[in-house]
Amino acid sequence: MYHNPVLLKDSVDALVTNPEGIYVDCTFGGGGHSREILSRLSPEGRLFSFDQDTDALKNAIDDPRFTLINQNFRFLENSLLIYGISQVDGILADLGVSSHQFDEAERGFSIRSNAPLDMRMNVMQGLDAKRVINDYEEEALADIFYYYGELREARKLAREIVHKRKNKVIETTQDLKDVFSYMPPHKSNKFFAQLFQAVRIEVNQELDVLKEMLVQSYRILKPGGRLVVISYHSLEDRLVKRFLKNGMFEGEPERDIYGNYKKSFELVKTKAIVPDDAEIEENSRARSAKMRIGSKI
């Protein structure tokens with residue numbers, strides 16, 4: 001099993017409003033969501049799925065309605081144009097790292113395994129975690145830890161890494177954890193999860209990629225088309241929530257004299273949808289998931 005798709009039925013229920021429509025799964029992975037989408041489509045429906053990880057190509061679905069695109073979803077619009085698609089009925093994005101990527105120790109995503117500092121979702125790209133940790137200036141590291149890991153002592157952490165790497169290159173995930181070996185056991189799991197998350201977001205430019213995808217989604221969705229996004233930490237969820245609310249990531253929209261502003265999406269549900277206890281018990285990855293749904297106005 002590649003990984004259990006989170007909020008599978010809820011997400012596809014919200015996504016597919018026209019069985020004959022064209023849909024996009026931005027994060028194919030093991031194909032769980034894609035298979036469920038295809039099960040809801042008529043013979044005339046089409047599904048385009050994206051995944052930049054070459055491992056995911058092994059899970060391609062043999063179905064004439066299905067096309068798997070080996071690309072980062074930041075190239076959503078242009079990639080679809082190659083297939084003559086300029087508008088779609090729905091877009092689904094299940095963000096974050098798949099269970100498969102965490103379980104493949106050599107990828108360097110997990111805090112539980114000792115592996116080379118990598119963390120690349122696309123193994124063909126140049127920037128990896130080793131370069132971030134060993135080559136970034138202290139101030140840049142501090143910013144990454146503070147903004148992407150929400151770590152309060154970011155400057156101190158960056159200073160300690162810079163001090164340690166002067167004597168020895170930090171090569172592995174264990175080397176990085178050893179820099180902070182003083183961390184009390186009851187705090188270490190949460191701390192290292194935040195630290196690894198921060199480095200991973202920088203390596204893969206995850207927040208920039210998400211912003212680009214959201215903007216392109218609005219352009220290519222048909223009126224009434226659905227955008228369904230499942231996120232796993234507050235940084236992603238905040239961006240999705242703000243974009244669905246007013247089409248912006250920061251600041252406030254321009255309002256008319258009555259205080260109204262032009263909306264891009266209508267929220268299908270006013271609050272985020274979260275997995276129930278049964279799903280969380282069956283799939284621990286679902287624990288932090290939040291799903292938001294917008295319908296293009």
# chains A, B, ... in the order shown; residues from 1 in each chain; ligands from 1
$ residues_around --residues "A:Ala14" --least-positions-apart "3" --cutoff "8 Å" --atoms "only C-alpha atoms" --output "list in words"
Asp10, Ser11, Thr17, Arg226, Val228 and Ile293 of chain A
$ residues_around --residues "A:Val169" --least-positions-apart "6" --cutoff "9 Å" --atoms "only C-alpha atoms" --output "ChimeraX atom specification"
/A:130,134,175
$ write_last_selection --atoms "N, CA, C and O atoms" --output "short mmCIF file (atom, residue, chain, number, x, y, z; two decimals), in the first residue's frame"
data_model
loop_
_atom_site.label_atom_id
_atom_site.label_comp_id
_atom_site.auth_asym_id
_atom_site.auth_seq_id
_atom_site.Cartn_x
_atom_site.Cartn_y
_atom_site.Cartn_z
N LYS A 130 20.69 18.64 2.60
CA LYS A 130 22.11 18.77 2.96
C LYS A 130 22.65 20.14 2.57
O LYS A 130 23.38 20.79 3.35
N ASN A 134 23.95 22.92 5.29
CA ASN A 134 25.39 23.19 5.30
C ASN A 134 25.80 24.46 4.57
O ASN A 134 26.89 24.99 4.83
N ASP A 175 22.94 13.14 12.05
CA ASP A 175 23.89 14.24 12.30
C ASP A 175 23.13 15.50 12.70
O ASP A 175 23.56 16.23 13.61
#
$ select_by_dssp --residues "stretch 162-227 of chain A" --states "alpha helix (DSSP H)" --output "MDAnalysis selection string"
chainID A and resid 162:165 173:179 185:204 206:220
$ residues_around --residues "A:Tyr148" --least-positions-apart "6" --cutoff "12 Å" --atoms "only C-alpha atoms" --output "MDAnalysis selection string"
chainID A and resid 140:142 154 193:208 233:236
$ closest_atom_pairs --of "stretch 176-244 of chain A" --to "stretch 88-95 of chain A" --cutoff "12 Å" --atoms "only C-alpha atoms" --output "tab-separated table"
residue	atom	partner	partner_atom	distance
A:Ile201	CA	A:Leu95	CA	11.6
A:Glu206	CA	A:Leu95	CA	9.1
A:Leu207	CA	A:Leu95	CA	10.4
A:Val209	CA	A:Leu95	CA	10.7
A:Leu210	CA	A:Leu95	CA	8.7
A:Met213	CA	A:Ala93	CA	9.3
A:Leu214	CA	A:Ile91	CA	9.8
A:Gln216	CA	A:Ile91	CA	10.6
A:Ser217	CA	A:Ile91	CA	7.2
A:Tyr218	CA	A:Ile91	CA	9.8
A:Arg219	CA	A:Val88	CA	9.7
A:Ile220	CA	A:Val88	CA	6.1
A:Leu221	CA	A:Val88	CA	5.1
A:Lys222	CA	A:Asp89	CA	5.8
A:Pro223	CA	A:Asp89	CA	8.3
A:Gly224	CA	A:Asp89	CA	7.8
A:Gly225	CA	A:Asp89	CA	4.6
A:Arg226	CA	A:Gly90	CA	4.6
A:Leu227	CA	A:Ile91	CA	5.0
A:Val228	CA	A:Leu92	CA	4.8
A:Val229	CA	A:Ala93	CA	4.8
A:Ile230	CA	A:Asp94	CA	4.7
A:Ser231	CA	A:Leu95	CA	5.3
A:Tyr232	CA	A:Leu95	CA	7.0
A:His233	CA	A:Leu95	CA	9.5
A:Leu235	CA	A:Leu95	CA	11.6
A:Glu236	CA	A:Leu95	CA	8.4
A:Asp237	CA	A:Leu95	CA	10.0
A:Val240	CA	A:Ala93	CA	10.8
$ write_last_selection --atoms "N, CA and C atoms" --output "CSV table (one decimal), in the first residue's frame"
chain,number,residue,atom,x,y,z
A,201,ILE,N,10.0,22.1,3.7
A,201,ILE,CA,9.3,23.1,3.0
A,201,ILE,C,10.2,24.0,2.1
A,206,GLU,N,7.4,24.4,-0.9
A,206,GLU,CA,6.1,24.0,-0.8
A,206,GLU,C,5.0,25.1,-0.8
A,207,LEU,N,5.3,26.2,0.0
A,207,LEU,CA,4.3,27.2,0.1
A,207,LEU,C,4.2,28.0,-1.2
A,209,VAL,N,4.9,26.9,-4.2
A,209,VAL,CA,4.2,26.0,-5.1
A,209,VAL,C,2.7,26.0,-4.9
A,210,LEU,N,2.3,25.9,-3.6
A,210,LEU,CA,0.9,25.9,-3.3
A,210,LEU,C,0.2,27.2,-3.8
A,213,MET,N,-0.3,27.1,-7.5
A,213,MET,CA,-1.3,26.2,-7.9
A,213,MET,C,-2.7,26.8,-7.6
A,214,LEU,N,-2.9,27.5,-6.5
A,214,LEU,CA,-4.2,28.1,-6.2
A,214,LEU,C,-4.6,29.2,-7.2
A,216,GLN,N,-3.5,29.5,-10.3
A,216,GLN,CA,-3.8,28.8,-11.6
A,216,GLN,C,-5.2,28.1,-11.5
A,217,SER,N,-5.5,27.5,-10.4
A,217,SER,CA,-6.8,26.8,-10.2
A,217,SER,C,-7.9,27.7,-10.5
A,218,TYR,N,-7.9,28.9,-10.0
A,218,TYR,CA,-9.0,29.9,-10.2
A,218,TYR,C,-9.1,30.2,-11.7
A,219,ARG,N,-8.0,30.3,-12.4
A,219,ARG,CA,-8.0,30.6,-13.8
A,219,ARG,C,-8.6,29.5,-14.7
A,220,ILE,N,-8.3,28.3,-14.3
A,220,ILE,CA,-8.8,27.2,-15.2
A,220,ILE,C,-10.1,26.5,-14.8
A,221,LEU,N,-10.5,26.8,-13.6
A,221,LEU,CA,-11.8,26.2,-13.2
A,221,LEU,C,-13.0,26.9,-13.9
A,222,LYS,N,-13.9,26.1,-14.3
A,222,LYS,CA,-15.2,26.6,-14.9
A,222,LYS,C,-16.0,27.2,-13.8
A,223,PRO,N,-16.9,28.2,-14.1
A,223,PRO,CA,-17.8,28.7,-13.1
A,223,PRO,C,-18.6,27.5,-12.5
A,224,GLY,N,-18.6,27.5,-11.1
A,224,GLY,CA,-19.2,26.4,-10.4
A,224,GLY,C,-18.3,25.2,-10.2
A,225,GLY,N,-17.1,25.3,-10.8
A,225,GLY,CA,-16.1,24.2,-10.6
A,225,GLY,C,-15.6,24.2,-9.1
A,226,ARG,N,-15.2,23.0,-8.7
A,226,ARG,CA,-14.8,22.8,-7.3
A,226,ARG,C,-13.3,22.8,-7.1
A,227,LEU,N,-12.8,23.4,-6.1
A,227,LEU,CA,-11.4,23.3,-5.6
A,227,LEU,C,-11.5,22.7,-4.2
A,228,VAL,N,-10.8,21.5,-4.1
A,228,VAL,CA,-10.8,20.8,-2.8
A,228,VAL,C,-9.4,20.6,-2.4
A,229,VAL,N,-9.0,21.1,-1.2
A,229,VAL,CA,-7.6,21.1,-0.8
A,229,VAL,C,-7.6,20.5,0.6
A,230,ILE,N,-6.7,19.4,0.8
A,230,ILE,CA,-6.5,18.8,2.1
A,230,ILE,C,-5.1,19.2,2.5
A,231,SER,N,-5.0,19.9,3.7
A,231,SER,CA,-3.7,20.3,4.2
A,231,SER,C,-3.4,19.7,5.5
A,232,TYR,N,-2.1,19.8,5.9
A,232,TYR,CA,-1.7,19.0,7.1
A,232,TYR,C,-1.0,19.9,8.1
A,233,HIS,N,-0.8,21.2,7.9
A,233,HIS,CA,-0.3,22.1,8.9
A,233,HIS,C,-0.8,23.5,8.7
A,235,LEU,N,0.3,26.4,8.2
A,235,LEU,CA,0.9,27.3,7.2
A,235,LEU,C,0.1,27.1,5.9
A,236,GLU,N,-0.1,25.8,5.5
A,236,GLU,CA,-0.8,25.5,4.3
A,236,GLU,C,-2.3,25.9,4.4
A,237,ASP,N,-2.9,25.5,5.5
A,237,ASP,CA,-4.3,25.7,5.7
A,237,ASP,C,-4.6,27.2,5.7
A,240,VAL,N,-4.7,28.5,2.1
A,240,VAL,CA,-5.9,28.0,1.4
A,240,VAL,C,-7.2,28.7,1.9
$ residues_around --residues "A:Glu160" --least-positions-apart "3" --cutoff "12 Å" --atoms "only C-alpha atoms" --output "PDB file with C-alpha atoms, in the first residue's frame"
ATOM      1  CA  ILE A 133      21.746  22.848   6.343  1.00  0.00           C
ATOM      2  CA  ASN A 134      25.393  23.189   5.296  1.00  0.00           C
ATOM      3  CA  GLU A 138      22.749  31.733   9.558  1.00  0.00           C
ATOM      4  CA  LEU A 141      18.353  29.276   8.350  1.00  0.00           C
ATOM      5  CA  ALA A 142      16.802  31.219  11.227  1.00  0.00           C
ATOM      6  CA  GLU A 153      14.286  29.938  19.263  1.00  0.00           C
ATOM      7  CA  ALA A 154      15.061  29.962  15.548  1.00  0.00           C
ATOM      8  CA  ARG A 155      18.126  32.199  15.772  1.00  0.00           C
ATOM      9  CA  LYS A 156      19.698  30.088  18.488  1.00  0.00           C
ATOM     10  CA  LEU A 157      19.043  26.904  16.494  1.00  0.00           C
ATOM     11  CA  HIS A 163      28.853  26.321  14.745  1.00  0.00           C
ATOM     12  CA  LYS A 164      28.683  22.530  14.335  1.00  0.00           C
ATOM     13  CA  ARG A 165      29.160  22.511  10.556  1.00  0.00           C
ATOM     14  CA  LYS A 166      32.437  24.428  10.853  1.00  0.00           C
ATOM     15  CA  ASN A 167      34.032  21.275  12.237  1.00  0.00           C
ATOM     16  CA  ILE A 170      26.176  17.591   8.587  1.00  0.00           C
ATOM     17  CA  LEU A 176      21.253  16.976  12.311  1.00  0.00           C
ATOM     18  CA  LYS A 177      19.484  15.485  15.339  1.00  0.00           C
ATOM     19  CA  ASP A 178      22.838  15.177  17.143  1.00  0.00           C
ATOM     20  CA  VAL A 179      23.271  18.961  16.936  1.00  0.00           C
ATOM     21  CA  PHE A 180      20.329  19.185  19.324  1.00  0.00           C
ATOM     22  CA  SER A 181      21.055  16.092  21.421  1.00  0.00           C
ATOM     23  CA  TYR A 182      20.369  18.157  24.544  1.00  0.00           C
TER      24      TYR A 182
END
